[in-house]
Every structure is written in C-alpha cells, then in structure tokens.
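Data first, discussion second: the structure below is written as structure tokens.
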Amino acid sequence: PATTTTSGSGELVINKQARCGSSELDARESCGNTCAHNGDCPSGKWCWGVHPNYCGSIPQRTYTNPVQGSWTRCGKTEIDARTFCGEPCTWQCSDPEESCVTIHSNYCGSEFTSDDGPTTTTEAPPVTTTEAPPVTTTEAPPATTTTSSSRE
C-alpha cells in the first residue's frame, strides 16, 4: 500500500519518496507504492524517483485513461498548480494571489476516481473573460481636387 504522510494539523506535506509506476508521471500522479528498487514493484512497474508531490496528504487517485496535461497553470506554487490543476494560463491568472507557472508533466484534464469519492476530472473551472468592445475608427472623407481649365 502507498505510504501516508500527513501533519497533525491535516496540512499538505510535500513527499519526495520513490514510487512504483509505469513512468515517473504515473508513479507520481497515481501515488504508487513507495519503493527502494525495482524489485519492490509489481510486474510492469518500476521504481521511480519522482518530482515533489502531495502523495499521502491527498486521496489516492486512480486514472481511467490518463492523458498528459498542459505545461502552464495558475497556482501559489508549482506543486499546487500541478496537483490541483489550476486554470491553464499563458502569463496571467484571474486570481491575483496566484502566478502562472511552468509545471512538470501531469494528468490535468484526465478523469480519475479517488479513494474518498466519485469520478472527477482534474481540471480547473473555466475562466470567464470579458472582452473589450471593438474599436471603431472613423475615416476622413476622400480629398476632392477641383481643377479648372481655360481655353483661349
């Protein structure tokens, strides 16, 4: 079973333990069993050193058909943006307390079940944007030239 790491206050605890999975991404996102070497993992899984994560502090997720998610998301930290799949971004976030950060590979947008609830999608709610009104320009009328010719 996966190792659970929590603080006494229920706060999220960053975990860096190696985990079993078919890839580093699978091992981290699914919070696979902790391991010291490949022999600790079931057939078809390997022991991976993983990026920091909240494994043990959040419910374990089982993905049905995971796909790799976007590379930039909003969050207070990279690990928060990646784990909780903050809103996708290019440079600015709708929440002024968050930053648009480049994140490690992830399964944001993939459906999963967790050991504490129903099937969910790891996707931030859609962002509502307000567009500026279209710009209207008024052109000057074309210049008119009058010429006169006189014949003698």
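Identifiers in the structure tokens: chain A, B, ... in order shown; residue index from 1 per chain; ligand index from 1 in order shown.
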
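Excluding Ser70 of chain A itself and any same-chain residue fewer than 3 positions from it, the protein and nucleic acid residues within 8 Å of it, counting only C-alpha atoms, are A:Arg73, A:Pro88, A:Ser105, A:Asn106, A:Cys108.
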
### Exercise: Ile58 of chain A partners within 10 Å, only C-alpha atoms, chain neighbours under 2 positions left out, as a ChimeraX atom specification
/A:4-6,10-13,31,53-56,60-61,83,114-116

### Task
Would you kindly return, as a list in words, each protein, DNA or RNA residue with an atom no farther than 7 Å from any atom of segment 96-101 of chain A, considering only C-alpha atoms and excluding same-chain residues fewer than 4 positions away?
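Near segment 96-101 of chain A, the qualifying residues are Thr72, Arg73, Cys74, Gly75, Lys76, Glu78, Cys89, Thr90, Trp91 and Gln92 of chain A.
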
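Here the question is which of A:Ser43, A:Ser57, A:His51, A:Thr62 gets nearest to Arg28 of chain A using only C-alpha atoms, and that residue is A:His51.
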
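Using only C-alpha atoms, the shortest contact distance between Phe84 of chain A and any of A:Thr102, A:Asn15, A:Tyr107, A:Pro66 is found at A:Tyr107.
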
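The space separating atom CA of Cys85 of chain A from atom CA of Gly109 of chain A comes to 7.9 Å.
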
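Residues in contact with Ser23 of chain A at 10 Å, where only C-alpha atoms are counted and same-chain residues fewer than 5 positions away are skipped, are listed as Arg28, Glu29, Lys45, Trp46, Cys47, Trp48, Gly49 and Val50 of chain A.
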
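Proximity to Gly32 of chain A at 8 Å, evaluated using only C-alpha atoms and with sequence-adjacent residues fewer than 5 positions away removed, yields A:Ala2, A:Arg19, A:Cys20, A:Gly21, A:Asp26, A:Ala27.
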
### Message
So the first atom is atom CA of Trp71 of chain A and the second is atom CA of His104 of chain A; what is the distance between them in Å, to one decimal place?
### Response
6.8 Å

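One finds atom CA of Cys35 of chain A at 25.5 Å from atom CA of Ser110 of chain A.
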
### Task
Name the residues of segment 15-132 of chain A that come out as strand (DSSP E or B) in a backbone DSSP run; write them as an NGL selection string.
:A and (15 or 19-21 or 34 or 46-48 or 53 or 55 or 58 or 61-63 or 72-75 or 88 or 99-102 or 111-114 or 117-121)

#### Entry: Selected residue of minimal separation from Gln68 of chain A among A:Cys93, A:Ala18, A:Cys41, A:Leu25, counting only C-alpha atoms
A:Leu25
